[in-house]
Amino acid sequence: MIRRPLIVGNWKMNGSRSSSIELVGDVANNFSTGGHVECVVCPPDVFLADVAAVLVGSDVGLGAQNVSQYEKGAYTGDVSASMLVEFTCAYVLVGHSERRACFGETSSQVAEKFVAAQGKGLTPILCVGETLAERKAERAFEVIAEQLDAVVEVAGLNALSSAVVAYEPVWAIGTGEVASPAQAQEMLAFIRGRLGEKADATRLLYGGSVSAENAAQLFEQQDIDGALVGGASLQAEQFMAICQIAET
Ligand code: 13P
């Protein structure tokens with residue numbers, strides 16, 4: 001990998017306060033960069049303060065799973081970018097397929113969230129991905145292009161290429177059916193091709209059933225700079241193994 005590898009653990013809506021503290025403790029204690037891999041965990045918002053406290057002085061970074069597009073005000077239940085910054089988040093996921101599918105987030109809302117995050121100094125991890133039906137209909141590239149273009153229209157190409165993009169095919173998320181390295185590479189090369197002149201520096205992740213068993217083959221691909229890991233990030237050992245594979 002020519003770019004600094006990035007491994008992000010998306011804990012989704014799992015765990016308890018105590019299990020989150022235990023998990024991040026295990027990650028922080030066992031993660032020694034010794035090299036150049038960057039490792040980030042994204043716990044549920046309510047555990048950010050506890051997780052941040054454990055991460056003080058460690059090399060593991062903190063991210064959130066979602067952010068409001070609004071700065072402040074009467075938006076019950078939302079959490080703003082500046083609130084996340086206050087809890088030492090450096091990254092935030094935007095446009096995760098579960099947000100799009102379960103909560104009806106549109107690409108234009110995702111773009112607003114992207115801008116709100118970057119405006120407060122967070123690095124957005126823009127998640128894009130096609131459904132199985134879209135892939136079968138040979139619309140995968142078109143769908144990804146639409147999801148990227150929606151952000152470019154609002155934020156501009158430079159803003160997108162200074163963020164992180166994660167390709168997570170919906171059919172590979174939580175299913176155990178990982179995209180083949182060739183499929184992932186093909187899409188990430190396509191994404192990189194749309195990022196303009198700074199594209200070579202932009203980190204692109206693959207997500208969807210990444211495990212310690214399949215990570216090595218994925219990371220061998222030229223345009224895969226790391227992973228967005230769901231289920232396997234809930235076990236410190238698995239997650240650390242994936243970080244270690246990215247290192248070597
Ligand atoms: P899994 O690794 O559990 O498939 O989840 C992927 C994901 O959605 C990460 O954001």
# chains A, B, ... in the order shown; residues from 1 in each chain; ligands from 1
>>> residues_near_ligand(ligand="ligand 1", cutoff="7 Å", atoms="only C-alpha atoms and all ligand atoms", output="list in words")
Asn10, His96, Glu168, Ala172, Ile173, Gly174, Thr175, Gly176, Gly207, Gly208, Ser209, Val210, Leu228, Val229, Gly230, Gly231 and Ala232 of chain A
>>> write_last_selection(atoms="C-alpha atoms", output="PDB file, in the first residue's frame")
ATOM      1  CA  ASN A  10     -17.563   0.347  13.157  1.00  0.00           C
ATOM      2  CA  HIS A  96     -23.394   4.251   5.767  1.00  0.00           C
ATOM      3  CA  GLU A 168     -19.199  -1.224   1.122  1.00  0.00           C
ATOM      4  CA  ALA A 172     -21.457  -7.997   1.613  1.00  0.00           C
ATOM      5  CA  ILE A 173     -22.345  -6.246   4.879  1.00  0.00           C
ATOM      6  CA  GLY A 174     -22.904  -8.602   7.771  1.00  0.00           C
ATOM      7  CA  THR A 175     -23.520 -11.492   5.389  1.00  0.00           C
ATOM      8  CA  GLY A 176     -20.183 -13.264   5.491  1.00  0.00           C
ATOM      9  CA  GLY A 207     -15.938  -2.841   3.886  1.00  0.00           C
ATOM     10  CA  GLY A 208     -18.254  -5.836   4.026  1.00  0.00           C
ATOM     11  CA  SER A 209     -17.503  -9.060   5.919  1.00  0.00           C
ATOM     12  CA  VAL A 210     -13.806  -8.239   6.314  1.00  0.00           C
ATOM     13  CA  LEU A 228     -14.063  -0.544   7.366  1.00  0.00           C
ATOM     14  CA  VAL A 229     -14.759  -3.457   9.670  1.00  0.00           C
ATOM     15  CA  GLY A 230     -18.092  -4.235  11.317  1.00  0.00           C
ATOM     16  CA  GLY A 231     -18.582  -7.552  13.095  1.00  0.00           C
ATOM     17  CA  ALA A 232     -14.901  -8.441  13.333  1.00  0.00           C
TER      18      ALA A 232
END
>>> residues_around(residues="Gly95 (chain A)", least_positions_apart="6", cutoff="12 Å", atoms="only C-alpha atoms", output="PyMOL selection string")
chain A and resi 65-69+101-114+124-129+144+147-148+150-151+165-168
>>> select_by_dssp(residues="region 21-200 of chain A", states="strand (DSSP E)", output="PyMOL selection string")
chain A and resi 38-42+60-64+91-94+123-128+164-167
>>> write_last_selection(atoms="C-alpha atoms", output="mmCIF file, in the first residue's frame")
data_model
loop_
_atom_site.group_PDB
_atom_site.id
_atom_site.type_symbol
_atom_site.label_atom_id
_atom_site.label_comp_id
_atom_site.auth_asym_id
_atom_site.auth_seq_id
_atom_site.Cartn_x
_atom_site.Cartn_y
_atom_site.Cartn_z
ATOM 1 C CA GLU A 38 -3.673 3.922 11.444
ATOM 2 C CA CYS A 39 -6.391 2.364 13.583
ATOM 3 C CA VAL A 40 -9.717 4.004 14.489
ATOM 4 C CA VAL A 41 -12.757 2.823 16.449
ATOM 5 C CA CYS A 42 -16.288 4.165 16.058
ATOM 6 C CA VAL A 60 -5.809 4.419 18.360
ATOM 7 C CA GLY A 61 -8.051 7.142 16.983
ATOM 8 C CA LEU A 62 -11.714 7.855 17.584
ATOM 9 C CA GLY A 63 -14.590 8.275 15.158
ATOM 10 C CA ALA A 64 -18.374 8.460 15.219
ATOM 11 C CA TYR A 91 -13.374 10.810 11.889
ATOM 12 C CA VAL A 92 -17.051 10.291 11.218
ATOM 13 C CA LEU A 93 -18.859 7.853 8.946
ATOM 14 C CA VAL A 94 -21.319 9.497 6.590
ATOM 15 C CA THR A 123 -12.487 13.713 8.346
ATOM 16 C CA PRO A 124 -15.597 12.185 6.809
ATOM 17 C CA ILE A 125 -15.483 8.551 5.778
ATOM 18 C CA LEU A 126 -17.991 8.587 2.944
ATOM 19 C CA CYS A 127 -19.616 5.176 2.578
ATOM 20 C CA VAL A 128 -20.902 4.129 -0.819
ATOM 21 C CA VAL A 164 -11.785 8.885 2.995
ATOM 22 C CA VAL A 165 -14.124 6.843 0.799
ATOM 23 C CA ALA A 166 -15.292 3.396 1.856
ATOM 24 C CA TYR A 167 -16.777 1.046 -0.700
#
>>> residues_around(residues="Ala140 (chain A)", least_positions_apart="3", cutoff="10 Å", atoms="only C-alpha atoms", output="PyMOL selection string")
chain A and resi 129-137+143-146+169+187
>>> residues_around(residues="region 192-201 of chain A", least_positions_apart="6", cutoff="7 Å", atoms="only C-alpha atoms", output="VMD selection string")
chain A and resid 3 157 161
>>> write_last_selection(atoms="C-alpha atoms", output="tab-separated table (two decimals), in the first residue's frame")
chain	number	residue	atom	x	y	z
A	3	ARG	CA	-0.91	5.34	1.15
A	157	LEU	CA	-13.95	17.44	-5.79
A	161	SER	CA	-10.43	13.72	-2.30
>>> closest_residue(among="A:Ser58, A:Val37, A:Asp78, A:Lys72", to="Gly226 (chain A)", atoms="only C-alpha atoms")
A:Val37
>>> closest_residue(among="A:Ser211, A:Arg100, A:Gln217, A:His36", to="Leu234 (chain A)", atoms="only C-alpha atoms")
A:Ser211
>>> closest_residue(among="A:Arg4, A:Arg17, A:Lys12, A:Lys120", to="Leu205 (chain A)", atoms="only C-alpha atoms")
A:Arg4
>>> closest_residue(among="A:Asp59, A:Glu213, A:Asp225, A:Glu153", to="Asn30 (chain A)", atoms="only C-alpha atoms")
A:Asp59
>>> closest_atom_pairs(of="region 36-130 of chain A", to="region 21-25 of chain A", cutoff="8 Å", atoms="only C-alpha atoms", output="CSV")
residue,atom,partner,partner_atom,distance
A:Val41,CA,A:Val24,CA,7.9
A:Asp50,CA,A:Ile21,CA,6.5
A:Val51,CA,A:Ile21,CA,5.9
A:Val54,CA,A:Gly25,CA,6.3
A:Leu55,CA,A:Val24,CA,7.5
>>> write_last_selection(atoms="all heavy atoms", output="PDB file, in the first residue's frame")
ATOM      1  N   VAL A  41     -11.515   3.503  16.049  1.00  0.00           N
ATOM      2  CA  VAL A  41     -12.757   2.823  16.449  1.00  0.00           C
ATOM      3  C   VAL A  41     -13.914   3.828  16.474  1.00  0.00           C
ATOM      4  O   VAL A  41     -13.745   4.989  16.841  1.00  0.00           O
ATOM      5  CB  VAL A  41     -12.634   2.136  17.833  1.00  0.00           C
ATOM      6  CG1 VAL A  41     -11.642   0.982  17.772  1.00  0.00           C
ATOM      7  CG2 VAL A  41     -12.259   3.112  18.933  1.00  0.00           C
ATOM      8  N   ASP A  50     -16.486   7.633  27.366  1.00  0.00           N
ATOM      9  CA  ASP A  50     -15.778   6.549  28.049  1.00  0.00           C
ATOM     10  C   ASP A  50     -14.648   5.998  27.182  1.00  0.00           C
ATOM     11  O   ASP A  50     -13.548   5.738  27.670  1.00  0.00           O
ATOM     12  CB  ASP A  50     -16.759   5.411  28.371  1.00  0.00           C
ATOM     13  CG  ASP A  50     -17.748   5.812  29.448  1.00  0.00           C
ATOM     14  OD1 ASP A  50     -17.300   6.186  30.544  1.00  0.00           O
ATOM     15  OD2 ASP A  50     -18.966   5.771  29.179  1.00  0.00           O
ATOM     16  N   VAL A  51     -14.948   5.826  25.907  1.00  0.00           N
ATOM     17  CA  VAL A  51     -13.942   5.267  25.003  1.00  0.00           C
ATOM     18  C   VAL A  51     -12.796   6.267  24.825  1.00  0.00           C
ATOM     19  O   VAL A  51     -11.616   5.898  24.850  1.00  0.00           O
ATOM     20  CB  VAL A  51     -14.601   4.876  23.654  1.00  0.00           C
ATOM     21  CG1 VAL A  51     -13.557   4.549  22.605  1.00  0.00           C
ATOM     22  CG2 VAL A  51     -15.552   3.696  23.860  1.00  0.00           C
ATOM     23  N   VAL A  54     -10.322   6.127  27.646  1.00  0.00           N
ATOM     24  CA  VAL A  54      -9.388   4.985  27.576  1.00  0.00           C
ATOM     25  C   VAL A  54      -8.314   5.241  26.519  1.00  0.00           C
ATOM     26  O   VAL A  54      -7.166   4.806  26.664  1.00  0.00           O
ATOM     27  CB  VAL A  54     -10.155   3.674  27.252  1.00  0.00           C
ATOM     28  CG1 VAL A  54      -9.196   2.508  27.089  1.00  0.00           C
ATOM     29  CG2 VAL A  54     -11.188   3.370  28.335  1.00  0.00           C
ATOM     30  N   LEU A  55      -8.677   5.962  25.470  1.00  0.00           N
ATOM     31  CA  LEU A  55      -7.742   6.149  24.348  1.00  0.00           C
ATOM     32  C   LEU A  55      -6.694   7.238  24.589  1.00  0.00           C
ATOM     33  O   LEU A  55      -5.770   7.380  23.789  1.00  0.00           O
ATOM     34  CB  LEU A  55      -8.517   6.473  23.062  1.00  0.00           C
ATOM     35  CG  LEU A  55      -9.307   5.298  22.471  1.00  0.00           C
ATOM     36  CD1 LEU A  55     -10.048   5.732  21.211  1.00  0.00           C
ATOM     37  CD2 LEU A  55      -8.381   4.123  22.162  1.00  0.00           C
TER      38      LEU A  55
END
>>> atom_distance(atom1="CA of Phe239 (chain A)", atom2="CA of Ala212 (chain A)")
7.5 Å
>>> select_by_dssp(residues="region 15-196 of chain A", states="alpha helix (DSSP H)", output="NGL selection string")
:A and (17-30 or 48-55 or 81-86 or 97-103 or 107-119 or 132-136 or 140-155 or 157-161 or 181-192)
>>> atom_distance(atom1="CA of Gln185 (chain A)", atom2="CA of Tyr206 (chain A)")
8.7 Å
>>> residues_around(residues="Gln222 (chain A)", least_positions_apart="4", cutoff="10 Å", atoms="only C-alpha atoms", output="list in words")
Met1, Ile2, Gln185, Glu186, Leu188, Ala189 and Leu218 of chain A
>>> write_last_selection(atoms="C-alpha atoms", output="short mmCIF file (atom, residue, chain, number, x, y, z; two decimals), in the first residue's frame")
data_model
loop_
_atom_site.label_atom_id
_atom_site.label_comp_id
_atom_site.auth_asym_id
_atom_site.auth_seq_id
_atom_site.Cartn_x
_atom_site.Cartn_y
_atom_site.Cartn_z
CA MET A 1 0.00 0.00 0.00
CA ILE A 2 1.48 3.33 -0.98
CA GLN A 185 -10.36 -3.58 -6.58
CA GLU A 186 -12.39 -2.93 -9.70
CA LEU A 188 -12.13 1.15 -5.85
CA ALA A 189 -10.11 1.82 -9.01
CA LEU A 218 -7.97 -7.66 -0.08
#
>>> atom_distance(atom1="CA of Ala227 (chain A)", atom2="CA of Ala184 (chain A)")
11.1 Å
>>> closest_residue(among="A:Ser180, A:Ser19, A:Asn158, A:Thr202", to="Leu6 (chain A)", atoms="only C-alpha atoms")
A:Thr202
>>> closest_residue(among="A:Ile191, A:Ser18, A:Ile242, A:Phe87", to="Phe141 (chain A)", atoms="only C-alpha atoms")
A:Ile191
